[in-house]
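Worksheet: one structure, shown below.
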Amino acid sequence: MTPTPDIAGLRELLAFYSEAGVDEPLTEEPLNRFAETSTRAAAISEPVPVTRAENGSGQTAPGTAPARPAVVVAQPAAVPDEAQAARAREVARQAKTLGELKAILAEFDGCNLRFTAKNLVFADGNQEADFMLVGEAPGRDEDLQGLPFVGRSGQLLDRMLAAIGRDRTTAYITNVIPWRPPGNRDPSPLETEICRPFIERHIELVAPKVLVTLGNPSTKLLLGTQTGIMRLRGTWSVHRTPGGVEIPTMPTLHPAYLLRNPAHKKLAWRDLLAVKMKLSGQ
Ligand code: URA
């Protein structure tokens with residue numbers, strides 16, 4: 001006899017998953033991605049036997065052979081670490097165009113987030129635009145479509161842009177983090193540090209007249225401050241690119257925050273009006 005499923009129990013389990021941020025079943029069986037990456041990393045660093053031809057003696061070398069020589073192998077990060085941040089700085093510098101930066105990011109495997117994300121979320125809008133908006137990280141809709149700000153926050157952002165006579169043909173939009181953190185959790189400080197060189201190079205290559213940071217994480221990172229958004233919003237600051245160019249920056253409230261606190265929309269509206277005035281030379 002087939003056992004009767006415990007419907008109430010299953011409902012509870014689903015509710016638990018949903019609260020924990022599990023919003024999509026991918027496979028029937030759980031996958032341990034960390035075990036996967038450590039096996040691959042171990043395979044990469046395993047000592048290899050030196051062949052007779054390699055040691056030049058015609059004999060197999062006794063004892064343990066030395067580890068593989070330093071070949072440049074893109075190693076997945078089992079745990080994000082400083083070495084990956086250094087690698088990110090190195091490769092991001094090499095991008096001479098936005099196309100190159102996107103291709104480099106698509107290849108970069110030093111950030112765990114890319115292994116759980118479905119798509120790289122690079123940017124949307126007009127790269128020739130005079131202003132650039134930077135959010136935090138893609139959510140579920142963005143991950144599925146590979147475009148920033150296309151979910152509910154994105155719809156509000158579009159309305160905010162419309163309020164100053166702009167849309168995605170006259171603005172450029174991206175995020176600090178180009179891959180969705182699983183379950184929309186906050187990116188860790190190390191993940192952010194690994195992504196930092198890419199967003200800094202991204203801004204440098206777009207070279208907007210004005211930058212708008214949306215919410216706390218992008219404001220703190222791009223202005224190098226610990227001061228909260230509520231204090232910083234509405235006041236002009238400066239983002240300094242790695243090459244030393246100073247870009248006037250307006251921190252404002254994140255659309256996701258505004259969805260939860262609609263009474264504060266007027267503050268964001270004021271901030272964007274200041275942006276509009278600056279761009280029109282007033
Ligand atoms: N929130 C963000 O910060 N970025 C997005 O792309 C979507 C939501």
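Residue numbering restarts at 1 for every chain of the structure tokens, chains are lettered A, B, ... in their displayed order, and ligands are numbered from 1 as they appear.
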Test item: residues lying within 6 Å of ligand 1 with only C-alpha atoms and all ligand atoms, as a ChimeraX atom specification: /A:135-139,142,148-149,153,175
Residues of region 31-280 of chain A in strand (DSSP E), written as a list in words: Asp124, Gly125, Phe131, Met132, Leu133, Val134, Gly135, Tyr172, Ile173, Thr174, Asn175, Val210, Leu211, Val212, Thr213, Leu214, Ser237, Val238, His239, Arg240, Glu246, Ile247, Pro248, Thr249, Met250, Pro251 and Thr252 of chain A
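Checking A:Val210, A:Asn184, A:Leu156, A:Cys195 one by one against His254 (chain A), counting only C-alpha atoms, you find the shortest gap at A:Leu156.
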Who sits within 12 Å of Thr219 (chain A), only C-alpha atoms, same chain under 2 positions skipped, as a ChimeraX atom specification: /A:133-136,175-176,211-217,221-233,235-239,249-254
How would you write, as a PDB file with N, CA and C atoms, in the first residue's frame, the set of residues in region 67-140 of chain A that DSSP gives as helix (DSSP H, G or I)?
```pdb
ATOM      1  N   GLU A  82      41.371  36.042  -0.240  1.00  0.00           N
ATOM      2  CA  GLU A  82      42.106  37.217  -0.675  1.00  0.00           C
ATOM      3  C   GLU A  82      42.775  36.996  -2.025  1.00  0.00           C
ATOM      4  N   ALA A  83      43.233  35.762  -2.264  1.00  0.00           N
ATOM      5  CA  ALA A  83      43.920  35.492  -3.530  1.00  0.00           C
ATOM      6  C   ALA A  83      42.976  35.728  -4.702  1.00  0.00           C
ATOM      7  N   GLN A  84      41.691  35.393  -4.504  1.00  0.00           N
ATOM      8  CA  GLN A  84      40.727  35.611  -5.584  1.00  0.00           C
ATOM      9  C   GLN A  84      40.482  37.101  -5.781  1.00  0.00           C
ATOM     10  N   ALA A  85      40.506  37.848  -4.698  1.00  0.00           N
ATOM     11  CA  ALA A  85      40.334  39.307  -4.817  1.00  0.00           C
ATOM     12  C   ALA A  85      41.513  39.890  -5.601  1.00  0.00           C
ATOM     13  N   ALA A  86      42.711  39.376  -5.341  1.00  0.00           N
ATOM     14  CA  ALA A  86      43.897  39.864  -6.052  1.00  0.00           C
ATOM     15  C   ALA A  86      43.794  39.498  -7.535  1.00  0.00           C
ATOM     16  N   ARG A  87      43.297  38.284  -7.793  1.00  0.00           N
ATOM     17  CA  ARG A  87      43.134  37.845  -9.184  1.00  0.00           C
ATOM     18  C   ARG A  87      42.104  38.728  -9.898  1.00  0.00           C
ATOM     19  N   ALA A  88      41.032  39.066  -9.168  1.00  0.00           N
ATOM     20  CA  ALA A  88      39.989  39.922  -9.747  1.00  0.00           C
ATOM     21  C   ALA A  88      40.583  41.286 -10.123  1.00  0.00           C
ATOM     22  N   ARG A  89      41.418  41.829  -9.232  1.00  0.00           N
ATOM     23  CA  ARG A  89      42.032  43.133  -9.520  1.00  0.00           C
ATOM     24  C   ARG A  89      42.883  43.042 -10.782  1.00  0.00           C
ATOM     25  N   GLU A  90      43.617  41.963 -10.888  1.00  0.00           N
ATOM     26  CA  GLU A  90      44.514  41.752 -12.016  1.00  0.00           C
ATOM     27  C   GLU A  90      43.740  41.667 -13.339  1.00  0.00           C
ATOM     28  N   VAL A  91      42.676  40.839 -13.360  1.00  0.00           N
ATOM     29  CA  VAL A  91      41.983  40.636 -14.643  1.00  0.00           C
ATOM     30  C   VAL A  91      41.085  41.826 -15.004  1.00  0.00           C
ATOM     31  N   ALA A  92      40.503  42.475 -13.984  1.00  0.00           N
ATOM     32  CA  ALA A  92      39.604  43.608 -14.279  1.00  0.00           C
ATOM     33  C   ALA A  92      40.384  44.737 -14.946  1.00  0.00           C
ATOM     34  N   ARG A  93      41.617  44.936 -14.492  1.00  0.00           N
ATOM     35  CA  ARG A  93      42.486  45.983 -15.065  1.00  0.00           C
ATOM     36  C   ARG A  93      42.715  45.781 -16.556  1.00  0.00           C
ATOM     37  N   GLN A  94      42.678  44.518 -16.978  1.00  0.00           N
ATOM     38  CA  GLN A  94      43.018  44.225 -18.371  1.00  0.00           C
ATOM     39  C   GLN A  94      41.914  44.620 -19.354  1.00  0.00           C
ATOM     40  N   LEU A  98      33.916  47.747 -22.491  1.00  0.00           N
ATOM     41  CA  LEU A  98      32.868  47.087 -21.702  1.00  0.00           C
ATOM     42  C   LEU A  98      32.656  45.654 -22.176  1.00  0.00           C
ATOM     43  N   GLY A  99      32.789  45.442 -23.480  1.00  0.00           N
ATOM     44  CA  GLY A  99      32.653  44.087 -24.027  1.00  0.00           C
ATOM     45  C   GLY A  99      33.720  43.174 -23.433  1.00  0.00           C
ATOM     46  N   GLU A 100      34.935  43.700 -23.341  1.00  0.00           N
ATOM     47  CA  GLU A 100      36.012  42.882 -22.765  1.00  0.00           C
ATOM     48  C   GLU A 100      35.754  42.612 -21.295  1.00  0.00           C
ATOM     49  N   LEU A 101      35.267  43.629 -20.598  1.00  0.00           N
ATOM     50  CA  LEU A 101      35.002  43.446 -19.164  1.00  0.00           C
ATOM     51  C   LEU A 101      33.930  42.361 -18.965  1.00  0.00           C
ATOM     52  N   LYS A 102      32.908  42.404 -19.799  1.00  0.00           N
ATOM     53  CA  LYS A 102      31.840  41.400 -19.685  1.00  0.00           C
ATOM     54  C   LYS A 102      32.398  40.002 -19.965  1.00  0.00           C
ATOM     55  N   ALA A 103      33.232  39.908 -20.984  1.00  0.00           N
ATOM     56  CA  ALA A 103      33.809  38.595 -21.328  1.00  0.00           C
ATOM     57  C   ALA A 103      34.710  38.098 -20.192  1.00  0.00           C
ATOM     58  N   ILE A 104      35.470  38.994 -19.593  1.00  0.00           N
ATOM     59  CA  ILE A 104      36.365  38.599 -18.493  1.00  0.00           C
ATOM     60  C   ILE A 104      35.533  38.118 -17.295  1.00  0.00           C
ATOM     61  N   LEU A 105      34.464  38.860 -17.020  1.00  0.00           N
ATOM     62  CA  LEU A 105      33.594  38.454 -15.903  1.00  0.00           C
ATOM     63  C   LEU A 105      32.936  37.104 -16.180  1.00  0.00           C
ATOM     64  N   ALA A 106      32.553  36.899 -17.425  1.00  0.00           N
ATOM     65  CA  ALA A 106      31.895  35.634 -17.777  1.00  0.00           C
ATOM     66  C   ALA A 106      32.847  34.455 -17.568  1.00  0.00           C
ATOM     67  N   GLU A 107      34.128  34.691 -17.700  1.00  0.00           N
ATOM     68  CA  GLU A 107      35.129  33.628 -17.531  1.00  0.00           C
ATOM     69  C   GLU A 107      35.589  33.505 -16.080  1.00  0.00           C
ATOM     70  N   LEU A 113      29.634  33.005  -5.954  1.00  0.00           N
ATOM     71  CA  LEU A 113      28.270  33.341  -6.355  1.00  0.00           C
ATOM     72  C   LEU A 113      27.966  32.906  -7.781  1.00  0.00           C
ATOM     73  N   ARG A 114      28.979  32.864  -8.622  1.00  0.00           N
ATOM     74  CA  ARG A 114      28.691  32.508 -10.009  1.00  0.00           C
ATOM     75  C   ARG A 114      28.247  31.043 -10.141  1.00  0.00           C
ATOM     76  N   PHE A 115      28.608  30.217  -9.161  1.00  0.00           N
ATOM     77  CA  PHE A 115      28.263  28.798  -9.275  1.00  0.00           C
ATOM     78  C   PHE A 115      26.798  28.528  -8.939  1.00  0.00           C
ATOM     79  N   THR A 116      26.176  29.429  -8.194  1.00  0.00           N
ATOM     80  CA  THR A 116      24.768  29.210  -7.865  1.00  0.00           C
ATOM     81  C   THR A 116      23.853  30.074  -8.737  1.00  0.00           C
ATOM     82  N   ARG A 140      16.001  37.364  -8.015  1.00  0.00           N
ATOM     83  CA  ARG A 140      15.570  36.200  -8.793  1.00  0.00           C
ATOM     84  C   ARG A 140      15.243  36.552 -10.253  1.00  0.00           C
TER      85      ARG A 140
END
```
Two-atom distance - CA of Gly183 (chain A), CA of Gly146 (chain A) (Å):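 Calculated distance between CA of Gly183 (chain A) and CA of Gly146 (chain A) is 16.3 Å.
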Contact residues around Glu128 (chain A) with only C-alpha atoms at 9 Å, ignoring same-chain residues under 2 positions, as a list in words: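 Contacts, with the query itself left out: Gly125, Asn126, Asp130, Phe131, Thr170, Ala171, Tyr172, Val206, Ala207 and Pro208 of chain A.
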Shell around Pro187 (chain A) at 8 Å using only C-alpha atoms, local window under 5 positions removed, as a PyMOL selection string: chain A and resi 177+181+192
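If you look at CA of Val121 (chain A) and CA of Leu258 (chain A), they are 22.4 Å away from each other.
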